[in-house]
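Peer 1: Handing you a structure now.
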Amino acid sequence: MVAGMRIGINGSSLLFNADVGAVIDDIRTADEEGFRSYWLGQFNLLDAMTTMTAAAPSTEQIEFGTAVVPTWTSHPMAMATRALTAQSLCGGRLTLGIGLAHKPSVEEGLHLTWEKPVRHMLDYLEVLSSLFATGSASYRGEIWSLETEGPRPTDAPPKLMLAALGDQMLRIAGRRTDGTILWCVGPKAIETHIAPRINEAAADADRPAPSVVCSVPCWVTDEPAKAREFIGSILAHYAELPSYRAMLDIEGIHGLEDLSFVGSEQEVRDRIGAVEAAGATDFTGVVMGADPDEVAATRELLASL
């Protein structure tokens, strides 16, 4: 058993089919299985917060998190509007995870100019945090600005977290948010890079200890070589993105086929335990399997933790 770490599910892989009903069913199942949290990325044209809001009435206690919503596609006022509304409808169980995304997706997909990403995020958080706290903002930044005031649908705003891997973003996450959400990050990078920097920044700002949410593909199987080969083939592009490449280099591995927690129940359990020992506060598994039995075994193992 993992003693102190919160265990959740990252269901983002379901979003690629844009089947809202399937995602809602999976959230309900995760709630029934006793998972502490359920996380969704923001992919294609299916909105993560809307989907979680739709699932909330049929769940009892599971918490919801976005992992993550890119900032480039929404003005911080639009982001605050969605998040505060979702928080109200979810019964106060939402964590808003935001991130910069990556230069190729911003420039090649959105046809926006990737420049001053740190300034971009500082301005964004200035506006967003003010709206969360008071419903008003009076800020003129270099990239994001806003003058507004109005009532909020809830006086208890969602937790706010930042996808942070580099030094500057980790310092911002520690000083200005409730923690960080990780992808392509293993125990060595958490222990030597992520946890020390974000914890120090939070302490310097006299903030509570931040959450460190680690998400990794998990696959209980008797054929680990085949599983890793499949993971490497479908997730190869992540190893080419500079921010993820830096984390994988700290681990001393090539890609997600090496990082993923694949093998027997005990092997997967031990890898998750290593993440906790490294300093993660939450683990959200991306459940994988070659057949329903492997998927069920993987999910059962995570639920047992």
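The way I read the labels, and the way they are meant: chains A, B, ... in the order of the structure tokens, residue 1 as the first residue of every chain, and ligand 1 as the first ligand shown, with later ones counted on from there.
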What are the nearest atom pairs, with distances in Å to one decimal, for all residues of segment 210-287 of chain A that come at most 10 Å from segment 31-46 of chain A, using only C-alpha atoms, set out by chain and rising residue number as a Markdown table?
Peer 2:
| residue | atom | partner | partner_atom | distance |
| --- | --- | --- | --- | --- |
| A:Ser215 | CA | A:Trp39 | CA | 9.4 |
| A:Asp282 | CA | A:Ser37 | CA | 9.1 |
| A:Phe283 | CA | A:Ser37 | CA | 9.4 |
| A:Thr284 | CA | A:Trp39 | CA | 7.5 |
| A:Gly285 | CA | A:Trp39 | CA | 9.5 |
| A:Val286 | CA | A:Trp39 | CA | 9.7 |
Peer 1: Report as JSON, numbers by chain all protein, DNA and RNA residues lying within 9 Å of Ala274 of chain A, evaluated on only C-alpha atoms, omitting residues in the same chain fewer than 4 positions from it.
Peer 2: {"A": [186, 187, 188, 269, 270, 278, 279]}
Peer 1: Once DSSP has gone over the backbone, tell me which residues of segment 75-260 of chain A are in strand (DSSP E), as a VMD selection string.
Peer 2: chain A and resid 94 to 99 136 to 140 145 to 149 159 to 162 179 to 183 211 to 220
Peer 1: Since we have the selection now, will you write its residues out, keeping N, CA and C atoms, as a CSV table (one decimal), in the first residue's frame?
Peer 2:
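The resulting file, again_39.csv, is shown below:
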chain,number,residue,atom,x,y,z
A,94,LEU,N,-13.2,20.9,-7.7
A,94,LEU,CA,-12.4,21.1,-8.9
A,94,LEU,C,-11.0,21.6,-8.6
A,95,THR,N,-10.0,21.1,-9.3
A,95,THR,CA,-8.6,21.8,-9.3
A,95,THR,C,-8.4,22.2,-10.8
A,96,LEU,N,-8.1,23.4,-11.0
A,96,LEU,CA,-7.8,23.9,-12.4
A,96,LEU,C,-6.3,23.8,-12.6
A,97,GLY,N,-5.9,22.9,-13.5
A,97,GLY,CA,-4.5,22.9,-13.9
A,97,GLY,C,-4.4,23.5,-15.3
A,98,ILE,N,-3.5,24.5,-15.3
A,98,ILE,CA,-3.2,25.2,-16.6
A,98,ILE,C,-1.7,25.0,-17.0
A,99,GLY,N,-1.5,25.3,-18.2
A,99,GLY,CA,-0.1,25.2,-18.7
A,99,GLY,C,0.1,25.9,-20.0
A,136,SER,N,-12.9,40.4,-9.3
A,136,SER,CA,-12.5,41.6,-9.9
A,136,SER,C,-11.0,41.5,-10.3
A,137,ALA,N,-10.7,42.4,-11.3
A,137,ALA,CA,-9.3,42.5,-11.7
A,137,ALA,C,-9.0,43.9,-12.3
A,138,SER,N,-7.9,44.4,-11.9
A,138,SER,CA,-7.5,45.7,-12.4
A,138,SER,C,-6.0,45.6,-12.7
A,139,TYR,N,-5.7,45.2,-13.9
A,139,TYR,CA,-4.3,44.8,-14.2
A,139,TYR,C,-4.0,45.1,-15.7
A,140,ARG,N,-2.9,45.8,-15.9
A,140,ARG,CA,-2.5,46.0,-17.3
A,140,ARG,C,-1.1,45.3,-17.5
A,145,SER,N,-4.3,41.5,-19.9
A,145,SER,CA,-4.8,42.6,-19.1
A,145,SER,C,-6.3,42.5,-18.9
A,146,LEU,N,-6.8,43.2,-17.9
A,146,LEU,CA,-8.2,43.1,-17.6
A,146,LEU,C,-8.6,44.2,-16.6
A,147,GLU,N,-9.8,44.8,-16.9
A,147,GLU,CA,-10.4,45.7,-15.9
A,147,GLU,C,-11.9,45.2,-15.8
A,148,THR,N,-12.2,44.6,-14.7
A,148,THR,CA,-13.6,44.1,-14.6
A,148,THR,C,-13.9,43.9,-13.1
A,149,GLU,N,-15.2,43.8,-12.8
A,149,GLU,CA,-15.7,43.5,-11.5
A,149,GLU,C,-17.1,43.0,-11.6
A,159,LYS,N,-8.9,25.0,-6.6
A,159,LYS,CA,-7.4,25.1,-6.4
A,159,LYS,C,-6.8,25.4,-7.8
A,160,LEU,N,-5.7,26.0,-7.8
A,160,LEU,CA,-5.0,26.4,-9.1
A,160,LEU,C,-3.6,25.8,-9.1
A,161,MET,N,-3.4,25.0,-10.2
A,161,MET,CA,-2.1,24.4,-10.3
A,161,MET,C,-1.5,24.7,-11.7
A,162,LEU,N,-0.2,24.5,-11.8
A,162,LEU,CA,0.5,24.9,-13.0
A,162,LEU,C,1.4,23.7,-13.5
A,179,GLY,N,0.4,24.0,-6.7
A,179,GLY,CA,1.3,22.9,-7.0
A,179,GLY,C,1.6,22.8,-8.5
A,180,THR,N,2.1,21.6,-8.8
A,180,THR,CA,2.4,21.3,-10.2
A,180,THR,C,1.9,20.0,-10.7
A,181,ILE,N,1.6,19.9,-12.0
A,181,ILE,CA,1.1,18.7,-12.6
A,181,ILE,C,2.1,18.2,-13.6
A,182,LEU,N,2.5,16.9,-13.5
A,182,LEU,CA,3.7,16.4,-14.2
A,182,LEU,C,3.3,15.4,-15.3
A,183,TRP,N,4.0,15.4,-16.4
A,183,TRP,CA,3.9,14.4,-17.4
A,183,TRP,C,5.3,14.2,-17.9
A,211,SER,N,1.2,20.7,-3.9
A,211,SER,CA,1.0,19.4,-4.4
A,211,SER,C,1.9,19.1,-5.6
A,212,VAL,N,2.4,17.9,-5.7
A,212,VAL,CA,3.1,17.4,-6.9
A,212,VAL,C,2.4,16.2,-7.4
A,213,VAL,N,1.7,16.4,-8.5
A,213,VAL,CA,0.9,15.4,-9.1
A,213,VAL,C,1.6,14.7,-10.3
A,214,CYS,N,1.9,13.5,-10.1
A,214,CYS,CA,2.7,12.7,-11.1
A,214,CYS,C,1.7,11.8,-11.9
A,215,SER,N,1.8,11.9,-13.2
A,215,SER,CA,1.0,11.0,-14.1
A,215,SER,C,1.8,10.2,-15.0
A,216,VAL,N,1.7,8.9,-15.0
A,216,VAL,CA,2.5,8.0,-15.8
A,216,VAL,C,1.6,6.8,-16.3
A,217,PRO,N,1.8,6.4,-17.5
A,217,PRO,CA,1.1,5.2,-18.0
A,217,PRO,C,1.4,4.0,-17.1
A,218,CYS,N,0.4,3.2,-16.8
A,218,CYS,CA,0.5,2.0,-16.0
A,218,CYS,C,-0.1,0.8,-16.7
A,219,TRP,N,0.6,-0.3,-16.7
A,219,TRP,CA,0.2,-1.5,-17.4
A,219,TRP,C,0.6,-2.8,-16.7
A,220,VAL,N,-0.3,-3.5,-16.1
A,220,VAL,CA,0.0,-4.8,-15.5
A,220,VAL,C,-0.1,-5.8,-16.6
Peer 1: If you run DSSP on the backbone, which residues of segment 4-152 of chain A are helix (DSSP H, G or I), as JSON, numbers by chain?
Peer 2: {"A": [12, 13, 14, 15, 16, 17, 20, 21, 22, 23, 24, 25, 26, 27, 28, 29, 30, 31, 32, 48, 49, 50, 51, 52, 53, 54, 55, 56, 57, 58, 76, 77, 78, 79, 80, 81, 82, 83, 84, 85, 86, 87, 88, 89, 103, 104, 105, 106, 107, 108, 109, 117, 118, 119, 120, 121, 122, 123, 124, 125, 126, 127, 128, 129, 130, 131, 132, 133, 134]}
Peer 1: Can those selected residues be exported to a file as a short mmCIF file (atom, residue, chain, number, x, y, z; two decimals), in the first residue's frame so that it contains C-alpha atoms?
Peer 2:
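Just written: selection_39.cif:
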data_model
loop_
_atom_site.label_atom_id
_atom_site.label_comp_id
_atom_site.auth_asym_id
_atom_site.auth_seq_id
_atom_site.Cartn_x
_atom_site.Cartn_y
_atom_site.Cartn_z
CA SER A 12 -7.17 11.82 -20.87
CA SER A 13 -6.63 8.98 -23.37
CA LEU A 14 -10.41 8.61 -23.62
CA LEU A 15 -10.71 12.12 -25.01
CA PHE A 16 -9.17 11.20 -28.34
CA ASN A 17 -12.45 9.53 -29.34
CA VAL A 20 -18.42 12.31 -23.68
CA GLY A 21 -20.59 9.44 -22.44
CA ALA A 22 -17.63 7.07 -22.18
CA VAL A 23 -15.64 9.59 -20.14
CA ILE A 24 -18.56 10.25 -17.78
CA ASP A 25 -19.03 6.50 -17.29
CA ASP A 26 -15.34 6.14 -16.48
CA ILE A 27 -15.53 8.95 -13.93
CA ARG A 28 -18.50 7.29 -12.24
CA THR A 29 -16.63 3.99 -12.14
CA ALA A 30 -13.55 5.63 -10.65
CA ASP A 31 -15.71 7.21 -7.94
CA GLU A 32 -17.28 3.83 -7.12
CA ALA A 48 -12.65 18.84 -19.85
CA MET A 49 -14.38 21.09 -17.32
CA THR A 50 -17.79 20.72 -18.97
CA THR A 51 -17.40 16.93 -18.98
CA MET A 52 -16.50 16.83 -15.29
CA THR A 53 -19.41 19.12 -14.48
CA ALA A 54 -21.75 16.70 -16.25
CA ALA A 55 -20.32 13.77 -14.29
CA ALA A 56 -20.39 15.42 -10.87
CA PRO A 57 -24.06 14.86 -9.92
CA SER A 58 -23.69 11.08 -10.32
CA PRO A 76 -7.78 34.47 -18.32
CA MET A 77 -11.25 35.94 -17.83
CA ALA A 78 -12.74 33.20 -20.02
CA MET A 79 -10.74 30.60 -18.08
CA ALA A 80 -11.93 32.00 -14.75
CA THR A 81 -15.53 32.03 -15.94
CA ARG A 82 -15.44 28.36 -16.92
CA ALA A 83 -13.56 27.27 -13.82
CA LEU A 84 -15.67 29.16 -11.28
CA THR A 85 -18.87 27.90 -12.89
CA ALA A 86 -17.56 24.32 -12.96
CA GLN A 87 -16.42 24.61 -9.34
CA SER A 88 -19.89 25.68 -8.30
CA LEU A 89 -21.57 22.85 -10.22
CA LYS A 103 6.03 25.93 -28.93
CA PRO A 104 5.20 23.62 -31.89
CA SER A 105 1.52 23.36 -30.99
CA VAL A 106 1.24 27.09 -30.38
CA GLU A 107 3.02 28.19 -33.55
CA GLU A 108 2.08 25.41 -35.97
CA GLY A 109 -1.41 24.66 -34.67
CA PRO A 117 6.37 32.45 -22.09
CA VAL A 118 7.34 33.37 -18.52
CA ARG A 119 5.83 36.86 -18.88
CA HIS A 120 2.80 35.28 -20.50
CA MET A 121 2.23 33.05 -17.47
CA LEU A 122 2.91 35.76 -14.87
CA ASP A 123 0.35 38.07 -16.50
CA TYR A 124 -2.11 35.21 -16.84
CA LEU A 125 -1.86 34.23 -13.18
CA GLU A 126 -2.16 37.85 -12.08
CA VAL A 127 -5.54 38.20 -13.78
CA LEU A 128 -6.80 34.68 -13.08
CA SER A 129 -5.88 34.66 -9.39
CA SER A 130 -7.51 38.03 -8.83
CA LEU A 131 -10.75 36.88 -10.43
CA PHE A 132 -10.69 33.71 -8.36
CA ALA A 133 -10.13 35.64 -5.12
CA THR A 134 -12.44 38.62 -5.53
#
Peer 1: Separation of atom CA of Ala290 of chain A and atom CA of Gly255 of chain A, in Å?
Peer 2: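 For atom CA of Ala290 of chain A relative to atom CA of Gly255 of chain A, the distance reads 19.7 Å.
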Peer 1: Mind giving me the straight-line distance from atom CA of Thr59 of chain A to atom CA of Asp155 of chain A in Å, one decimal?
Peer 2: 22.2 Å
Peer 1: Could you give me, as a ChimeraX atom specification, the residues within 9 Å of Leu301 of chain A, counting only C-alpha atoms and dropping anything in the same chain fewer than 4 positions from it?
Peer 2: /A:220,265,268-269,296-297,305
Peer 1: Using the selection just defined, write its residues with N, CA and C atoms as a PDB file, in the first residue's frame.
Peer 2:
ATOM      1  N   VAL A 220      -0.301  -3.489 -16.105  1.00  0.00           N
ATOM      2  CA  VAL A 220       0.008  -4.789 -15.513  1.00  0.00           C
ATOM      3  C   VAL A 220      -0.099  -5.846 -16.607  1.00  0.00           C
ATOM      4  N   GLU A 265       2.193  -7.008 -11.092  1.00  0.00           N
ATOM      5  CA  GLU A 265       1.560  -6.138 -10.103  1.00  0.00           C
ATOM      6  C   GLU A 265       2.591  -5.587  -9.123  1.00  0.00           C
ATOM      7  N   VAL A 268       4.817  -2.848 -10.821  1.00  0.00           N
ATOM      8  CA  VAL A 268       4.115  -1.568 -10.966  1.00  0.00           C
ATOM      9  C   VAL A 268       3.939  -0.912  -9.602  1.00  0.00           C
ATOM     10  N   ARG A 269       3.594  -1.711  -8.607  1.00  0.00           N
ATOM     11  CA  ARG A 269       3.430  -1.191  -7.245  1.00  0.00           C
ATOM     12  C   ARG A 269       4.731  -0.556  -6.747  1.00  0.00           C
ATOM     13  N   ALA A 296      -8.336  -4.341 -16.499  1.00  0.00           N
ATOM     14  CA  ALA A 296      -8.953  -4.560 -15.192  1.00  0.00           C
ATOM     15  C   ALA A 296      -7.899  -4.796 -14.116  1.00  0.00           C
ATOM     16  N   ALA A 297      -6.866  -5.570 -14.435  1.00  0.00           N
ATOM     17  CA  ALA A 297      -5.814  -5.849 -13.453  1.00  0.00           C
ATOM     18  C   ALA A 297      -5.065  -4.580 -13.074  1.00  0.00           C
ATOM     19  N   LEU A 305      -4.310   0.663  -3.936  1.00  0.00           N
ATOM     20  CA  LEU A 305      -3.335   1.553  -3.284  1.00  0.00           C
ATOM     21  C   LEU A 305      -4.006   2.701  -2.551  1.00  0.00           C
TER      22      LEU A 305
END
Peer 1: Could you pull the residues within 9 Å of Arg207 of chain A, counting only C-alpha atoms, minus those fewer than 3 positions along the same chain, as a CSV table (one decimal) with C-alpha atoms, in the first residue's frame?
Peer 2:
chain,number,residue,atom,x,y,z
A,174,GLY,CA,5.5,27.3,-5.8
A,175,ARG,CA,5.1,31.1,-5.2
A,176,ARG,CA,1.7,31.6,-6.9
A,177,THR,CA,-0.2,28.3,-7.1
A,178,ASP,CA,-1.2,25.2,-5.2
A,201,ALA,CA,9.7,28.5,-3.7
A,202,ALA,CA,6.6,27.8,-1.7
A,203,ALA,CA,8.5,28.1,1.6
A,204,ASP,CA,10.1,31.3,0.5
A,210,PRO,CA,2.5,22.4,-2.8
Peer 1: What is the distance between atom CA of Pro70 of chain A and atom CA of Gly11 of chain A, in Å to one decimal?
Peer 2: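 For atom CA of Pro70 of chain A relative to atom CA of Gly11 of chain A, the distance reads 17.2 Å.
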Peer 1: Write out as a CSV table (one decimal) with N, CA, C and O atoms, in the first residue's frame each polymer residue whose atoms come within 12 Å of Arg245 of chain A, counting only C-alpha atoms; drop sequence neighbours fewer than 3 positions from it.
Peer 2:
chain,number,residue,atom,x,y,z
A,165,LEU,N,7.9,22.4,-15.3
A,165,LEU,CA,9.0,21.5,-15.4
A,165,LEU,C,10.3,22.3,-15.2
A,165,LEU,O,11.2,21.8,-14.6
A,166,GLY,N,10.4,23.4,-15.9
A,166,GLY,CA,11.7,24.2,-15.9
A,166,GLY,C,11.8,25.0,-14.6
A,166,GLY,O,10.8,25.2,-13.8
A,183,TRP,N,4.0,15.4,-16.4
A,183,TRP,CA,3.9,14.4,-17.4
A,183,TRP,C,5.3,14.2,-17.9
A,183,TRP,O,6.1,15.1,-18.0
A,184,CYS,N,5.7,12.9,-18.3
A,184,CYS,CA,7.0,12.5,-18.7
A,184,CYS,C,8.1,12.8,-17.6
A,184,CYS,O,9.2,13.1,-17.9
A,185,VAL,N,7.6,12.6,-16.4
A,185,VAL,CA,8.5,12.8,-15.2
A,185,VAL,C,8.5,11.6,-14.3
A,185,VAL,O,7.4,11.1,-14.0
A,189,ALA,N,13.7,12.6,-11.5
A,189,ALA,CA,13.5,14.0,-11.7
A,189,ALA,C,12.7,14.7,-10.6
A,189,ALA,O,12.9,15.8,-10.3
A,236,ALA,N,5.7,8.4,-28.9
A,236,ALA,CA,7.1,8.7,-29.3
A,236,ALA,C,7.3,10.3,-29.3
A,236,ALA,O,8.4,10.8,-29.0
A,237,HIS,N,6.3,11.0,-29.7
A,237,HIS,CA,6.5,12.4,-30.0
A,237,HIS,C,6.8,13.2,-28.7
A,237,HIS,O,7.4,14.3,-28.8
A,238,TYR,N,6.4,12.7,-27.6
A,238,TYR,CA,6.6,13.4,-26.3
A,238,TYR,C,8.1,13.5,-26.1
A,238,TYR,O,8.6,14.5,-25.5
A,239,ALA,N,8.9,12.5,-26.4
A,239,ALA,CA,10.3,12.5,-26.2
A,239,ALA,C,11.1,13.6,-27.0
A,239,ALA,O,12.2,13.9,-26.8
A,240,GLU,N,10.4,14.1,-28.0
A,240,GLU,CA,11.0,15.1,-28.9
A,240,GLU,C,10.7,16.6,-28.5
A,240,GLU,O,11.3,17.5,-29.0
A,241,LEU,N,9.8,16.8,-27.5
A,241,LEU,CA,9.5,18.1,-27.0
A,241,LEU,C,10.6,18.5,-26.0
A,241,LEU,O,10.8,17.7,-25.0
A,242,PRO,N,11.2,19.7,-26.1
A,242,PRO,CA,12.3,20.0,-25.3
A,242,PRO,C,12.1,19.9,-23.8
A,242,PRO,O,12.9,19.4,-23.0
A,248,LEU,N,13.2,13.5,-19.2
A,248,LEU,CA,13.6,12.1,-19.5
A,248,LEU,C,15.2,12.0,-19.5
A,248,LEU,O,15.7,10.9,-19.0
A,249,ASP,N,15.9,13.0,-19.8
A,249,ASP,CA,17.3,13.0,-19.7
A,249,ASP,C,17.8,12.9,-18.2
A,249,ASP,O,18.8,12.2,-17.9
A,250,ILE,N,17.1,13.5,-17.3
A,250,ILE,CA,17.4,13.4,-15.9
A,250,ILE,C,17.2,12.0,-15.5
A,250,ILE,O,18.0,11.4,-14.7
A,251,GLU,N,16.2,11.3,-16.0
A,251,GLU,CA,15.9,9.9,-15.6
A,251,GLU,C,16.9,9.0,-16.3
A,251,GLU,O,17.1,7.8,-15.8
A,252,GLY,N,17.6,9.5,-17.3
A,252,GLY,CA,18.6,8.7,-18.0
A,252,GLY,C,17.9,7.6,-19.0
A,252,GLY,O,18.4,6.6,-19.2
A,253,ILE,N,16.7,8.0,-19.5
A,253,ILE,CA,16.0,7.1,-20.4
A,253,ILE,C,15.6,7.8,-21.7
A,253,ILE,O,15.8,9.0,-21.8
A,254,HIS,N,15.2,7.0,-22.7
A,254,HIS,CA,14.9,7.6,-24.0
A,254,HIS,C,13.5,8.2,-24.0
A,254,HIS,O,13.3,9.3,-24.5
A,255,GLY,N,12.4,7.4,-23.7
A,255,GLY,CA,11.1,7.9,-23.9
A,255,GLY,C,10.1,7.2,-22.9
A,255,GLY,O,10.5,6.5,-21.9
A,256,LEU,N,8.8,7.4,-23.2
A,256,LEU,CA,7.8,6.8,-22.3
A,256,LEU,C,7.7,5.3,-22.3
A,256,LEU,O,7.2,4.7,-21.3
A,259,LEU,N,9.9,5.0,-19.3
A,259,LEU,CA,9.4,5.6,-18.1
A,259,LEU,C,8.1,4.9,-17.5
A,259,LEU,O,7.9,4.8,-16.3
Peer 1: For Thr298 of chain A, which residue among A:Thr281, A:Thr66, A:Gln266, A:Thr192 is the nearest when counting only C-alpha atoms?
Peer 2: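 Once distances to Thr298 of chain A are computed over only C-alpha atoms, the minimum belongs to A:Gln266.
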Peer 1: Quick one: residues within 6 Å of Arg93 of chain A, only C-alpha atoms, excluding same-chain residues fewer than 2 positions away - as a list in words?
Peer 2: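 My list of contacting residues is Glu63, Phe64, Cys90 and Gly91 of chain A.
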Peer 1: Using only C-alpha atoms, which of A:Ile190, A:Ala163, A:Leu170, A:Ala156 sits nearest Met247 of chain A?
Peer 2: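 Result for the nearest residue to Met247 of chain A: A:Ile190.
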